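Asker: The structure follows.
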Amino acid sequence: MRKEKFGVGDYAHVYNRGNKKQVIVKDENDKQHFLEMLFYFNTEITPPNPFQDLRTNKLRLSLNSFVWPEWWTPRKPIVKILAFILMKNHFHLILEEIIENGIAKFMQRLGTGMTMYYNTRYQEVGSLFQGPYKAKNIDKDLYLKYLSVYIQVKNGFELYNGGFEAAMKDFDKAYKWVTEFPYGSLSYYYGKVAMPIIDKDLFLEIFASPDDYKNLAKECMLDLESRLGGLTIETSIEA
């Protein structure tokens with residue numbers, strides 16, 4: 001898919017999948033590093049070798065604490081990350097462009113960083129992904145709402161024990177599990193993970209309460225096609 005041109009204030013659904021559907025994260029360390037890259041690459045001036053610098057200075061990273069050393073150029077984000085989920089062989093993001101070419105710069109860093117990390121750790125060569133990242137403009141509020149459910153809930157249900165079908169048989173239990181899943185943004189909106197990655201202001205504006213979002217998610221999952229009202233969500237990324 002052609003990467004669209006975005007203007008400041010535009011929203012985009014951005015995603016990519018492992019080359020030949022290969023796994024892109026193999027363990028908890030890989031997943032944690034994905035979160036770290038979302039944080040440390042989202043700045044106007046990227047610190048030289050940020051992760052090596054953090055290790056050298058023995059600065060501990062965790063899900064709840066990302067350190068920004070005082071000797072680095074102050075952090076100034078180039079995109080807003082509104083939602084995300086990390087799957088075994090692909091990822092989804094909803095981004096807002098807040099400076100010119102911010103999405104393109106951020107995604108170039110993320111793709112390169114993930115590939116270099118993976119190839120170094122697992123002694124591989126070549127591209128980690130099937131090609132350049134895909135990006136689609138989100139031009140309707142309704143699309144944004146349902147896309148967020150698709151990314152945060154539907155994909156989360158795919159990871160639930162027994163998969164999507166099992167999740168739908170026990171929706172409340174599965175939904176609670178998704179709100180505690182640390183590698184998806186819904187855990188941040190529910191306050192289960194104190195993640196400094198997400199900008200949650202937009203969704204707090206368009207959804208009255210967590211129950212309001214849960215009700216939408218349940219309706220959407222029960223009949224995804226009809227709830228989209230003719231809008232198309234890109235599904236070719238799925239495993």
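Each chain in the structure tokens gets a letter, A, B and so on, in the order shown; residues start at 1 in every chain, and ligands are counted from 1 in the order they appear.
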Looking only at alpha helix (DSSP H) from DSSP on the backbone, list the matching residues of stretch 134-201 of chain A as a count of residues only.

Answerer: 35

Asker: As a ChimeraX atom specification, please: every residue in stretch 40-205 of chain A that a backbone DSSP assignment puts in strand (DSSP E or B).

Answerer: /A:62,65,79-86,90-97,129,134-138,184,198

Asker: Do a neighbour search on stretch 48-59 of chain A at 9 Å with only C-alpha atoms, toss out local chain neighbours closer than 4 positions, and write the hits as a list in words.

Answerer: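 With the cut-off at 9 Å, the set is Glu36, Tyr40, Val67 and Pro69 of chain A.
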
Asker: Output C-alpha atoms for every residue in that selection, as a compact mmCIF listing (two decimals), in the first residue's frame.

Answerer:
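Okay, this is what ended up in result16.txt:
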# COMPACT_ATOMS: atom_id res chain seq x y z
CA GLU A 36 11.07 1.21 24.80
CA TYR A 40 12.78 6.68 22.95
CA VAL A 67 14.26 7.20 32.20
CA PRO A 69 18.83 11.17 31.27

Asker: For A:Asn137, which residue out of A:Asp212, A:Glu165, A:Glu158, A:Asp10 is the nearest one, using only C-alpha atoms?

Answerer: A:Asp10

Asker: Tell me which of A:His92, A:Asp201, A:Val125, A:Lys31 sits closest to A:Lys80, counting only C-alpha atoms.

Answerer: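 Of all the options, A:Asp201 lies closest to A:Lys80.
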
Asker: With distances taken over only C-alpha atoms, which of A:Asn101, A:Met87, A:Val178, A:Gly9 is nearest to A:Tyr160?

Answerer: A:Val178

Asker: Select, from A:Met221, A:Ile198, A:Glu28, A:Tyr146, the residue with the minimum atom-to-atom distance to A:Lys169, counting only C-alpha atoms.

Answerer: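 Selected residue with least distance to A:Lys169: A:Met221.
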
Asker: Using only C-alpha atoms for the distances, tell me which of A:Leu144, A:Gly111, A:Met116, A:Gly184 is nearest to A:Gly131.

Answerer: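 Of all the options, A:Gly111 lies closest to A:Gly131.
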
Asker: Please compute the atom CA of A:Ala208-atom CA of A:Phe171 distance, one decimal, in Å.

Answerer: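 Between atom CA of A:Ala208 and atom CA of A:Phe171 the gap works out to 20.8 Å.
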
Asker: To one decimal place in Å, what is the distance between atom CA of A:Glu96 and atom CA of A:Val8?

Answerer: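 Separation of atom CA of A:Glu96 and atom CA of A:Val8: 7.8 Å.
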
Asker: Pick out the closest residue to A:Ser187 from this set: A:Ala217, A:Ile24, A:Ala83, A:Ile98. Count only C-alpha atoms.

Answerer: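 Nearest candidate to A:Ser187 out of A:Ala217, A:Ile24, A:Ala83, A:Ile98: A:Ala83.
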
Asker: State, in Å with one decimal place, the distance from atom CA of A:Gln22 to atom CA of A:His90.

Answerer: 8.8 Å

Asker: Leaving out A:Leu82 and any residue of its chain fewer than 2 positions from it, which residues lie within 6 Å of it when counting only C-alpha atoms, given as a list in words?

Answerer: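 Contacts, with the query itself left out: Ile94, Leu95, Ile198 and Asp199 of chain A.
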